[in-house]
>>> print(open('run.cif').read())   # mmCIF, C-alpha atoms
data_work
#
loop_
_atom_site.label_atom_id
_atom_site.label_comp_id
_atom_site.auth_asym_id
_atom_site.auth_seq_id
_atom_site.Cartn_x
_atom_site.Cartn_y
_atom_site.Cartn_z
CA MET O 19 -6.81 -13.23 5.73
CA ILE O 20 -3.77 -11.62 7.26
CA PRO O 21 -1.74 -12.73 10.24
CA GLU O 22 -2.55 -10.94 13.46
CA VAL O 23 -0.31 -7.95 14.19
CA SER O 24 0.30 -7.16 17.84
CA ILE O 25 2.36 -4.75 19.88
CA THR O 26 2.79 -4.39 23.63
CA CYS O 27 3.09 -0.90 24.98
CA HIS O 28 2.68 0.29 28.60
CA GLU O 29 2.11 -3.34 29.60
CA SER O 30 -0.99 -3.46 27.37
CA SER O 31 -1.27 -5.49 24.20
CA PHE O 32 -2.88 -4.13 21.05
CA PHE O 33 -4.00 -6.25 18.09
CA VAL O 34 -4.96 -5.71 14.45
CA ARG O 35 -6.64 -8.46 12.46
CA THR O 36 -7.64 -6.58 9.31
CA ILE O 37 -6.20 -3.80 7.17
CA THR O 38 -8.65 -1.28 5.74
CA VAL O 39 -8.37 0.33 2.33
CA GLU O 40 -7.66 3.64 4.05
CA GLN O 41 -4.83 2.16 6.14
CA TYR O 42 -3.20 0.60 3.09
CA ARG O 43 -3.49 3.86 1.15
CA LYS O 44 -1.86 5.78 4.01
CA TYR O 45 0.88 3.16 4.22
CA ALA O 46 1.58 3.51 0.48
CA SER O 47 1.66 7.30 0.84
CA LEU O 48 4.14 7.11 3.72
CA MET O 49 6.32 4.70 1.76
CA GLU O 50 6.18 6.93 -1.34
CA HIS O 51 7.51 9.90 0.60
CA SER O 52 10.18 8.01 2.53
CA SER O 53 13.50 8.39 0.81
CA SER O 54 15.96 8.85 3.62
CA ASP O 55 18.62 6.30 4.44
CA ARG O 56 19.16 7.61 7.94
CA PHE O 57 18.40 5.22 10.81
CA ARG O 58 16.54 7.92 12.77
CA ASP O 59 14.20 8.57 9.81
CA ALA O 60 13.57 4.83 9.43
CA ILE O 61 12.54 4.58 13.08
CA THR O 62 10.25 7.60 12.73
CA LEU O 63 8.69 6.06 9.62
CA SER O 64 8.19 2.77 11.46
CA LYS O 65 6.45 4.57 14.31
CA ARG O 66 4.17 6.46 11.92
CA ILE O 67 3.25 3.25 10.10
CA ILE O 68 2.49 1.47 13.39
CA GLN O 69 0.44 4.47 14.50
CA GLU O 70 -1.68 4.21 11.33
CA LEU O 71 -2.62 0.64 12.25
CA PHE O 72 -2.92 1.34 15.97
CA PRO O 73 -4.49 4.83 16.15
CA GLU O 74 -4.99 4.48 19.92
CA LEU O 75 -1.20 4.71 20.34
CA SER O 76 0.45 8.12 20.13
CA LEU O 77 3.99 8.67 18.92
CA ALA O 78 4.93 9.32 22.55
CA ASP O 79 3.45 5.93 23.54
CA LEU O 80 5.42 4.23 20.78
CA GLY O 81 8.57 5.93 22.05
CA THR O 82 8.22 3.98 25.29
CA CYS O 83 7.83 0.59 23.57
CA ASP O 84 10.67 -1.89 23.46
CA ALA O 85 12.80 -1.07 20.39
CA ILE O 86 13.08 -4.70 19.30
CA GLU O 87 9.32 -5.19 19.49
CA LEU O 88 8.77 -1.92 17.61
CA LEU O 89 11.06 -3.02 14.78
CA ALA O 90 9.61 -6.56 14.71
CA THR O 91 6.07 -5.16 14.49
CA SER O 92 7.15 -2.76 11.76
CA ALA O 93 8.77 -5.59 9.80
CA GLN O 94 5.61 -7.70 10.13
CA ILE O 95 3.47 -4.80 8.87
CA HIS O 96 5.81 -4.29 5.89
CA ARG O 97 5.60 -8.00 5.06
CA ILE O 98 1.80 -7.95 5.18
CA MET O 99 1.48 -4.74 3.17
CA GLN O 100 4.02 -5.70 0.52
CA ASP O 101 3.93 -9.48 0.27
CA ILE O 102 0.27 -10.21 0.94
CA ILE O 103 -1.75 -7.13 -0.01
CA GLY O 104 0.68 -5.89 -2.68
CA GLU O 105 0.60 -9.27 -4.41
CA LYS O 106 -3.20 -9.31 -4.37
CA LEU O 107 -3.30 -5.84 -5.93
CA LEU O 108 -0.93 -6.92 -8.68
CA LYS O 109 -2.97 -10.07 -9.39
CA ILE O 110 -6.18 -8.07 -9.85
CA VAL O 111 -4.54 -5.86 -12.47
CA GLU O 112 -2.59 -8.59 -14.28
CA VAL O 113 -1.12 -6.59 -17.15
CA GLU O 114 1.33 -7.90 -19.68
CA GLN O 115 4.57 -6.00 -19.83
CA VAL O 116 4.97 -4.36 -23.21
CA GLU O 117 8.54 -4.59 -24.33
CA ARG O 118 9.75 -1.40 -25.96
CA GLU O 119 12.24 -1.81 -28.74
CA GLU O 120 14.84 0.87 -29.18
CA SER O 121 15.09 2.75 -32.44
CA ALA O 122 17.95 4.58 -34.10
CA PHE O 123 15.87 7.76 -33.86
CA ASP O 124 15.03 7.61 -30.12
CA GLU O 125 17.81 9.98 -29.09
CA TYR O 126 16.93 12.42 -31.90
CA ASP O 127 13.23 12.36 -30.95
CA LEU O 128 14.06 12.99 -27.30
CA GLU O 129 16.41 15.90 -28.08
CA ASN O 130 13.91 17.62 -30.38
CA GLY O 131 10.90 17.21 -28.12
CA TYR O 132 9.02 14.65 -30.19
CA GLU O 133 8.92 12.27 -27.28
CA ASP O 134 8.74 12.83 -23.55
CA GLU O 135 11.49 11.60 -21.29
CA PRO O 136 10.64 8.25 -19.72
CA GLU O 137 9.22 8.68 -16.26
CA ASN O 138 10.62 6.85 -13.28
CA THR O 139 7.37 6.19 -11.49
CA ASN O 140 7.39 5.38 -7.83
CA PRO O 141 5.90 1.90 -7.22
CA TRP O 142 4.04 3.26 -4.18
CA ARG O 143 2.38 5.91 -6.36
CA LEU O 144 1.23 3.09 -8.64
CA CYS O 145 -0.17 1.19 -5.63
CA GLN O 146 -2.14 4.28 -4.61
CA GLU O 147 -3.52 4.61 -8.14
CA ILE O 148 -4.56 0.95 -8.18
CA VAL O 149 -6.29 1.38 -4.81
CA ASP O 150 -8.07 4.49 -6.12
CA ARG O 151 -9.34 2.55 -9.13
CA ILE O 152 -10.46 -0.32 -6.90
CA VAL O 153 -12.39 2.14 -4.74
CA LYS O 154 -14.07 3.66 -7.82
CA ILE O 155 -15.11 0.21 -9.04
CA ALA O 156 -16.33 -0.77 -5.58
CA ILE O 157 -18.43 2.39 -5.32
CA ARG O 158 -20.14 1.55 -8.61
CA LEU O 159 -20.40 -2.19 -8.05
CA LEU O 160 -21.41 -2.24 -4.38
CA ASN O 161 -23.27 1.09 -4.31
CA ASN O 162 -21.16 2.10 -1.31
CA SER O 163 -20.04 5.58 -0.45
CA TYR O 164 -16.39 6.57 -0.60
CA SER O 165 -16.08 6.52 3.19
CA GLN O 166 -17.66 3.05 3.36
CA CYS O 167 -15.17 1.74 0.79
CA MET O 168 -12.23 3.24 2.70
CA LYS O 169 -13.31 1.39 5.85
CA GLU O 170 -13.62 -1.99 4.08
CA ASP O 171 -11.12 -4.77 4.68
CA ILE O 172 -8.80 -4.47 1.67
CA ILE O 173 -8.23 -8.22 1.32
CA SER O 174 -11.96 -9.00 1.23
CA LEU O 175 -12.65 -6.15 -1.18
CA VAL O 176 -9.88 -7.14 -3.59
CA ASP O 177 -10.94 -10.81 -3.47
CA TYR O 178 -14.55 -9.85 -4.20
CA LEU O 179 -13.60 -7.54 -7.07
CA LYS O 180 -11.30 -10.21 -8.53
CA PHE O 181 -14.20 -12.68 -8.42
CA GLU O 182 -16.52 -10.15 -10.09
CA LEU O 183 -13.98 -9.42 -12.82
CA ASP O 184 -13.35 -13.12 -13.43
CA THR O 185 -17.07 -13.90 -13.73
CA ILE O 186 -18.16 -10.75 -15.59
CA ASN O 187 -19.06 -12.67 -18.79
CA GLU O 188 -20.93 -15.53 -17.13
#
>>> encode(input="run.cif", output="structure tokens")
Amino acid sequence: MIPEVSITCHESSFFVRTITVEQYRKYASLMEHSSSDRFRDAITLSKRIIQELFPELSLADLGTCDAIELLATSAQIHRIMQDIIGEKLLKIVEVEQVEREESAFDEYDLENGYEDEPENTNPWRLCQEIVDRIVKIAIRLLNNSYSQCMKEDIISLVDYLKFELDTINE
């Protein structure tokens, strides 16, 4: 369960009580492609994220909202997406970190093409990949279509899949 997200625009209040798989995936995609440190770009990103959760609001509508409320709503959405949903995604995949020991030949191997350069993977790309795997499992497990899975509440779906994975051998 997530806290209710609300925003008031044009003297009307709008509420969101669930986040769908599709909304989370779009959020992760927006975050993956956001790399600017400019304030204007951060505001634009905030508006686009809010618009994903409140599709009935256009960017023009969001431009008329109170700036403080816009930023507070954006901060609340980030907290939900990262602290609540992100944590649940990481718990379902619980993987031990493999510690890589350095060798005297690492530099030689890298220079001569025996080993690829280590990739700096974007954490938001990883979140999207985890969501894609969850959707694949849900399609098989629940016999749902892709579009049905994308419209599911992500918290409920992750909780159900975690339960199924924990009780698979019972």
>>> closest_residue(input="run.cif", among="O:Leu183, O:Leu48, O:Ile102, O:Ala156", to="Met19 in chain O", atoms="only C-alpha atoms")
O:Ile102
>>> residues_around(input="run.cif", residues="Gln166 in chain O", least_positions_apart="6", cutoff="12 Å", atoms="all atoms listed in the file", output="ChimeraX atom specification")
/O:38-40,153-154,156-157,160,172,175
>>> resolve_selection(input="run.cif", expression="the PyMOL selection byres ((chain O and resi 87) around 12)", output="number ranges by chain")
O: 23-27, 31, 64-65, 68, 80-86, 88-94
>>> atom_distance(input="run.cif", atom1="CA of Thr139 in chain O", atom2="CA of Tyr45 in chain O")
17.3 Å
>>> closest_residue(input="run.cif", among="O:Arg43, O:Val34, O:Ser165, O:Pro21", to="Arg97 in chain O", atoms="all atoms listed in the file")
O:Pro21
>>> resolve_selection(input="run.cif", expression="the PyMOL selection byres ((chain O and resi 180) around 12)", output="PDB file with C-alpha atoms, in the coordinates of the input")
ATOM      1  CA  LYS O 106      -3.200  -9.310  -4.370  1.00  0.00           C
ATOM      2  CA  LEU O 107      -3.300  -5.840  -5.930  1.00  0.00           C
ATOM      3  CA  LEU O 108      -0.930  -6.920  -8.680  1.00  0.00           C
ATOM      4  CA  LYS O 109      -2.970 -10.070  -9.390  1.00  0.00           C
ATOM      5  CA  ILE O 110      -6.180  -8.070  -9.850  1.00  0.00           C
ATOM      6  CA  VAL O 111      -4.540  -5.860 -12.470  1.00  0.00           C
ATOM      7  CA  GLU O 112      -2.590  -8.590 -14.280  1.00  0.00           C
ATOM      8  CA  ILE O 152     -10.460  -0.320  -6.900  1.00  0.00           C
ATOM      9  CA  ILE O 155     -15.110   0.210  -9.040  1.00  0.00           C
ATOM     10  CA  ALA O 156     -16.330  -0.770  -5.580  1.00  0.00           C
ATOM     11  CA  ILE O 172      -8.800  -4.470   1.670  1.00  0.00           C
ATOM     12  CA  ILE O 173      -8.230  -8.220   1.320  1.00  0.00           C
ATOM     13  CA  SER O 174     -11.960  -9.000   1.230  1.00  0.00           C
ATOM     14  CA  LEU O 175     -12.650  -6.150  -1.180  1.00  0.00           C
ATOM     15  CA  VAL O 176      -9.880  -7.140  -3.590  1.00  0.00           C
ATOM     16  CA  ASP O 177     -10.940 -10.810  -3.470  1.00  0.00           C
ATOM     17  CA  TYR O 178     -14.550  -9.850  -4.200  1.00  0.00           C
ATOM     18  CA  LEU O 179     -13.600  -7.540  -7.070  1.00  0.00           C
ATOM     19  CA  PHE O 181     -14.200 -12.680  -8.420  1.00  0.00           C
ATOM     20  CA  GLU O 182     -16.520 -10.150 -10.090  1.00  0.00           C
ATOM     21  CA  LEU O 183     -13.980  -9.420 -12.820  1.00  0.00           C
ATOM     22  CA  ASP O 184     -13.350 -13.120 -13.430  1.00  0.00           C
ATOM     23  CA  THR O 185     -17.070 -13.900 -13.730  1.00  0.00           C
ATOM     24  CA  ILE O 186     -18.160 -10.750 -15.590  1.00  0.00           C
TER      25      ILE O 186
END
>>> closest_residue(input="run.cif", among="O:Arg158, O:Lys169, O:His96, O:Arg143", to="Ala46 in chain O", atoms="all atoms listed in the file")
O:Arg143
>>> atom_distance(input="run.cif", atom1="CA of Ile37 in chain O", atom2="CA of Leu71 in chain O")
7.6 Å
>>> closest_residue(input="run.cif", among="O:Ile95, O:Tyr126, O:Gln69, O:Asn187", to="Thr36 in chain O", atoms="only C-alpha atoms")
O:Ile95
>>> closest_residue(input="run.cif", among="O:Leu77, O:Asn130, O:Gly104, O:Glu125", to="Ile61 in chain O", atoms="only C-alpha atoms")
O:Leu77
>>> closest_residue(input="run.cif", among="O:Glu105, O:Ser52, O:Glu188, O:Lys44", to="Asp150 in chain O", atoms="only C-alpha atoms")
O:Lys44
>>> atom_distance(input="run.cif", atom1="CA of Asp79 in chain O", atom2="CA of Glu29 in chain O")
11.2 Å
